[in-house]
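> Structure provided below as structure tokens; questions to follow.
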Amino acid sequence: MSSNELERERCVNTDSSSKLRRLELVGITKAYPSVIANQDVNLVVRPGEIHAVLGENGAGKSTLMKIIYGVTKPDSGAILWDNREVSIESPAQARKIGIGMVFQHFSLFDTLTVAENISLALDSVIAPNELTERIEAVSQQYGLPIDPHRLIHSMSVGERQRVEIVRCLLNNPRLLIMDEPTSVLTPQAVLILFETLRRLASEGCSILYISHKLDEIQTLCDKATILRGGRVTGTAIPHQETRESLAQMMIGRSLPECQMVPKVPAETRLRVQQLNLPTVDPFGTSLKNINLAVRSGEIVGIAGISGNGQKELMAALSGEQPMPKGATTTICGVVADRLSPGQRRNLGLRFVPEERLGRGAVPSMSLRLNALLTAGSGDGLVNSGLISYAKVHAFAGDVIAKFNVKCGGDEALASSLSGGNLQKFIVGREISLQPNVMMVAQPTWGVDVGAAQIIRQALIDLRNAGVAVLVVSEELEELFMICDRIAVMADGRLSPAIPASETSVEKVGLWMSGAFDEATVLEVQHA
Amino acid sequence: MSTEQAILILVSIVIAATPLAFAAFGELVTERAGVLNLGVEGMMLLGAVIGFAVAKDSGSLAFGFFCGMLGGMAMALIFAVLTQHLQTNQVATGLALTLFGAGLSAFIGKSYVGMSLTGLAPISIPYLSDIPILGPLLFHYDLVVYGSFGLLIALIWFFKSSRWGLIVRAVGESPTSAHAIGYPVIRIRYLAILFGGAMSGIAGAYLSLAITPMWVEGMTSGRGWIALALVVFATWKPLRVMVGAYLFGGVTVMQFYGQGMGIHVSSQILSMLPYIVTIVVLVLISRNPRTILLNQPMSLGQSFYPRS
């Protein structure tokens, strides 16, 4: 090969590699009144590449995706699409140039059918028959089975995600944005999703994959851009990195670990038997023959995808939903069937609901008053009907300091806090009230890694102090980190709780799709 | 009772039901888009007074109806600006709109009290209206009555088969999702509110130009509220709204005849009947909470702030 040819070869190479940029972000900056969401972000995505955007909650991932999808406009910076600068004014325009997005909290309409939902997101009107055919064709091609005529509210979360993906695919995207797609899936469903994404990528579609889960990114993605506090802290080829080095870039230090020492549980503190609770809410789940016991000094985890009855079970245990006939509940040995939430609290039951604003805290009240609300007369905060504000102030200040809640003091309104900070406050408040039984739903949802660690460690400390702890969580990793026993909730039924050391993510994953039966129950009881 | 008398009663039922159907259809579309406008009564009153005043001064009933419709829309526009742009509470704003409409219509109509005009005449459809019994019963009404049936069919088609109907439902179901896919939520809600105002305006004008061709202060006498109740009890379905409207119309007319025939019940009790019967029957029809939950627009009454 002559030097001339070599020269040409190189030219062609550089030429083609510069052409091979489907999307490029240059110096994107977006500031909100109180926070800079993105600062000078650069990002390059090539055709057929699965590109991870890795970062903690609040690192600015979602804002960046909204900018690409035309929901939000950047303050400055440029977006290049196929090497040409574009200004994306609206999602419709984003779809037109070939960008599709699957949202983290799905943008589906519950009371409409699959076909109606899909037709709403198409920019051209297609006759219903033809649309049905196209939905079936695409869902077959990519192994995403869905029935176009079903109503969304009757579908599981995994099925809804399929609808979202098919909806994007019908627009023939050349870039697909997936925002935390696996947070709602069983481990098995995650594998199927990865297959679909790989197939799409092999056909030339680029994928932007938003996540904070390191192992997923390592198995799936070709490249990663890591964000922290709105800035890019590095780019990497994930499978050439270690978990530690990725975590280092993501949170700025190494991954914290929980300290858990074995402990022999004592007496049963919370017991529920034969709980059958039909739902009247068409979007709810009926509880079927639930049996559960939590002992002093152990953490029992309930795994499962949201919407399988966890909300209903929590409401029944906390006393918000009256116990149906035939079911029995005992709290610390006291029959609690007819007790109201307040009476149950007096027995030492503390409760952190999934919904923070509205259930866990009154949005328009200060943190101080919110602390007082669940503390009740305990801890001397109220003396013969009069509120001791000095004590309430001290109590709330204590929680804020201990759990590192970022807020403008205990006079700040609950609604002014970010989700993660409010969660820290609510969990901290309940923990500080010296529970006998502690129930927590999604303890670290939306909380950054460091704070999640504080919360998990606090729950473990409670257990070590002899409290019975019940944790409902979608994050399997978290449950395996802190639980002594794990039960799985699927379609309103609860599996037996088995020691965490005797099970595995795969087995729990299988159970999450409902694959546990009476045989397993018996087996475990006899074991 | 002779056949003529029976036909007369049935015809007056149709006439009594028509304004109710119009107002409720308008509110149905508004609520399907997720907006609760409690100002129906106020919008109807404005439609009634403006319709009458314009028809009286211009001599044209059609122009009166048109301006009555615009009157209802003007009221709806106030509501839309307040609730959609200034994000005021929909319930409070709707109540204020009703009070405002009552006052404003009384003020505008002051000089028209006691006047009268020739009301909207029925149109006999050639040949068909000559059929005995069925002719006068089905083919001898004014245009607005036929219009209400046209509107019923249009609405059923709109929500069942048209893309725009789907978009309106989607906006009422989840404005956040609709916004995320890229639909202009506020603009769609504006249009739905204006449609509601237009239909209430026509309903009001029908009262003052057809049923009793004159202007009396507060002449809607609670029909706006009944229309609101109809929409909820009919679980946001056009056909059920129509049935409810005819039920109300039926009892209204029957109690008049009851009074006329000298039934010995105090007239106050009789005039209460249509309201009570309509509500009781509709509550019975829709007592399944599941139907309500499945059909109620999920975002009904909630403000929506598009975040950018």
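Note on naming: chains are A, B, ... as they come in the structure tokens, residues start from 1 per chain, ligands start from 1 in the order shown.
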With a cut-off of 12 Å and counting only C-alpha atoms, select all residues of chain B in contact with chain A and give the selection as JSON, numbers by chain.

{"B": [159, 160, 161, 162, 163, 164, 165, 166, 167, 168, 169, 170, 171, 172, 173, 174, 175, 176, 177, 178, 179, 180, 181, 182, 183, 184, 288, 289, 290, 291, 292, 293, 294, 295, 296, 297, 298, 299, 306, 307, 308]}

> Neighbouring residues of B:Ala55 were defined as those with any atom within 10 Å, considering only C-alpha atoms; residues of the same chain fewer than 3 positions away were excluded. Please report them as a list in words.

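The residues satisfying every condition are Val49, Ile50, Gly51, Phe52, Ser58, Gly59, Ser60, Leu61, Ala62, Phe63, Gly64, Phe65, Phe66, Cys67, Gly68, Leu117, Thr118, Gly119, Ala205, Ser208 and Leu209 of chain B.
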
> Please provide the set of residues having any atom within 8 Å of A:Leu275, restricted to only C-alpha atoms, with same-chain residues fewer than 4 positions apart removed, written as an NGL selection string.

:A and (287-291 or 323-324 or 326-328)

> Take the residues that were just selected and, keeping N, CA and C atoms, output them as a short mmCIF file (atom, residue, chain, number, x, y, z; two decimals), in the first residue's frame.


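Writing the result to part12.cif gives the following:
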```cif
data_model
loop_
_atom_site.label_atom_id
_atom_site.label_comp_id
_atom_site.auth_asym_id
_atom_site.auth_seq_id
_atom_site.Cartn_x
_atom_site.Cartn_y
_atom_site.Cartn_z
N LEU A 287 -56.14 -8.50 48.16
CA LEU A 287 -55.20 -9.31 48.93
C LEU A 287 -55.79 -10.69 49.12
N LYS A 288 -54.97 -11.72 48.92
CA LYS A 288 -55.46 -13.09 49.00
C LYS A 288 -54.69 -13.87 50.05
N ASN A 289 -55.37 -14.24 51.12
CA ASN A 289 -54.84 -15.12 52.15
C ASN A 289 -53.40 -14.80 52.55
N ILE A 290 -53.23 -13.64 53.15
CA ILE A 290 -51.89 -13.20 53.53
C ILE A 290 -51.57 -13.65 54.96
N ASN A 291 -50.45 -14.28 55.13
CA ASN A 291 -49.97 -14.67 56.45
C ASN A 291 -48.54 -14.15 56.59
N MET A 323 -59.68 -3.94 59.03
CA MET A 323 -59.45 -5.37 58.79
C MET A 323 -60.76 -6.05 58.41
N PRO A 324 -60.75 -6.89 57.38
CA PRO A 324 -61.97 -7.61 57.03
C PRO A 324 -62.22 -8.74 58.02
N GLY A 326 -62.52 -12.34 59.61
CA GLY A 326 -61.77 -13.57 59.40
C GLY A 326 -60.28 -13.38 59.52
N ALA A 327 -59.81 -12.14 59.38
CA ALA A 327 -58.38 -11.90 59.49
C ALA A 327 -58.05 -11.53 60.93
N THR A 328 -56.85 -11.89 61.37
CA THR A 328 -56.43 -11.47 62.70
C THR A 328 -55.07 -10.79 62.60
#
```

> Could you check which of B:Leu239, B:Leu99, B:Leu300, B:Leu228 is closest to B:Trp157, using only C-alpha atoms?

B:Leu239

> If you run DSSP on this backbone, which residues of stretch 212-412 of chain A come out as helix (DSSP H, G or I), and could you give them as a PyMOL selection string?

chain A and resi 214-220+238-240+243-251+310-318+341-346+367-375+378-380+389-402

> I'd like the neighbourhood of B:Phe195 as a list in words, where a residue qualifies if any of its atoms comes within 8 Å (using only C-alpha atoms), though same-chain residues fewer than 6 positions away should be ignored.

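Close residues of B:Phe195: Gly26, Val29, Thr30 and Met73 of chain B.
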
> Tell me, in Å to one decimal, how far atom CA of A:Leu131 is from atom CA of B:Ile153.

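Atom-to-atom, atom CA of A:Leu131 and atom CA of B:Ile153 are spaced 25.3 Å apart.
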
> With a distance cut-off of 7 Å and only C-alpha atoms, select the neighbouring residues of stretch 18-23 of chain B, excluding the residue or stretch itself and same-chain residues fewer than 2 positions from it, and output the selection as a VMD selection string.

chain B and resid 14 to 16 25 to 27 145 148 199 to 200 203 to 204 206 to 207 223 to 224 227 241 to 242 245

> Report, in Å with one decimal, the straight-line distance from atom CA of A:Val471 to atom CA of A:Gly309.

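Separation of atom CA of A:Val471 and atom CA of A:Gly309: 14.1 Å.
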
> How many Å lie between atom CA of B:Met214 and atom CA of B:Val243, rounded to one decimal?

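Going from atom CA of B:Met214 over to atom CA of B:Val243 covers 27.7 Å.
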
> Write out as an mmCIF file with C-alpha atoms, in the first residue's frame the residues lying within 12 Å of A:Gln188, counting only C-alpha atoms and excluding same-chain residues fewer than 3 positions away.


```cif
data_model
loop_
_atom_site.group_PDB
_atom_site.id
_atom_site.type_symbol
_atom_site.label_atom_id
_atom_site.label_comp_id
_atom_site.auth_asym_id
_atom_site.auth_seq_id
_atom_site.Cartn_x
_atom_site.Cartn_y
_atom_site.Cartn_z
ATOM 1 C CA GLY A 158 -43.843 -4.864 32.677
ATOM 2 C CA THR A 182 -35.556 -1.689 34.794
ATOM 3 C CA VAL A 184 -40.168 -1.771 37.423
ATOM 4 C CA LEU A 185 -39.094 -5.145 36.052
ATOM 5 C CA LEU A 191 -33.001 -10.044 30.506
ATOM 6 C CA ILE A 192 -35.778 -10.025 27.896
ATOM 7 C CA LEU A 193 -35.628 -6.236 27.695
ATOM 8 C CA PHE A 194 -31.864 -6.381 27.154
ATOM 9 C CA GLU A 195 -32.376 -8.840 24.287
ATOM 10 C CA VAL A 505 -31.948 -12.975 43.285
ATOM 11 C CA GLU A 506 -32.959 -15.458 40.571
ATOM 12 C CA LYS A 507 -35.313 -17.386 42.830
ATOM 13 C CA VAL A 508 -36.908 -14.259 44.230
ATOM 14 C CA GLY A 509 -37.204 -13.008 40.667
ATOM 15 C CA LEU A 510 -39.120 -16.127 39.669
ATOM 16 C CA TRP A 511 -41.422 -15.703 42.645
ATOM 17 C CA MET A 512 -42.041 -12.092 41.639
ATOM 18 C CA SER A 513 -43.854 -13.351 38.572
#
```

> If we count only C-alpha atoms, what is near A:Lys325 at a cut-off of 10 Å, once residues fewer than 6 positions away on the same chain are taken out, given as a PyMOL selection string?

chain A and resi 274-277+337

> Counting only C-alpha atoms, what are the residues of stretch 378-494 of chain A within 10 Å of stretch 243-261 of chain A, and for each of them which pair of atoms is the nearest and at what distance in Å, to one decimal? Sort the table by chain and rising number, as a Markdown table.


```
| residue | atom | partner | partner_atom | distance |
| --- | --- | --- | --- | --- |
| A:Asp448 | CA | A:Ile251 | CA | 8.8 |
| A:Val449 | CA | A:Ile251 | CA | 7.5 |
| A:Gly450 | CA | A:Pro256 | CA | 7.4 |
| A:Ala452 | CA | A:Pro256 | CA | 9.7 |
| A:Gln453 | CA | A:Pro256 | CA | 6.9 |
| A:Ile454 | CA | A:Cys258 | CA | 9.1 |
| A:Arg456 | CA | A:Cys258 | CA | 7.4 |
| A:Gln457 | CA | A:Cys258 | CA | 6.2 |
| A:Ile460 | CA | A:Met260 | CA | 7.0 |
| A:Asp461 | CA | A:Met260 | CA | 8.9 |
| A:Arg463 | CA | A:Met260 | CA | 9.8 |
| A:Asn464 | CA | A:Val261 | CA | 8.5 |
| A:Met481 | CA | A:Cys258 | CA | 7.1 |
| A:Ile482 | CA | A:Met260 | CA | 7.2 |
| A:Cys483 | CA | A:Met260 | CA | 9.3 |
| A:Asp484 | CA | A:Met260 | CA | 9.6 |
```

> Any chance you could export the current selection's C-alpha atoms as a compact mmCIF listing (two decimals), in the first residue's frame?


```txt
# COMPACT_ATOMS: atom_id res chain seq x y z
CA ASP A 448 -28.90 9.46 46.91
CA VAL A 449 -26.46 6.63 47.59
CA GLY A 450 -24.89 8.20 50.66
CA ALA A 452 -29.60 5.56 51.38
CA GLN A 453 -26.74 4.10 53.34
CA ILE A 454 -27.62 6.16 56.41
CA ARG A 456 -30.30 1.32 55.72
CA GLN A 457 -27.83 1.43 58.57
CA ILE A 460 -30.19 -2.35 60.84
CA ASP A 461 -29.45 -0.55 64.11
CA ARG A 463 -33.10 -4.46 64.35
CA ASN A 464 -30.01 -4.84 66.49
CA MET A 481 -28.32 -6.15 51.80
CA ILE A 482 -30.42 -5.62 54.92
CA CYS A 483 -32.99 -8.41 55.32
CA ASP A 484 -32.90 -11.49 57.50
```

> If you run DSSP over the backbone, which residues in stretch 106-148 of chain B end up strand (DSSP E)? Put them as a ChimeraX atom specification.

/B:123-124,140-141
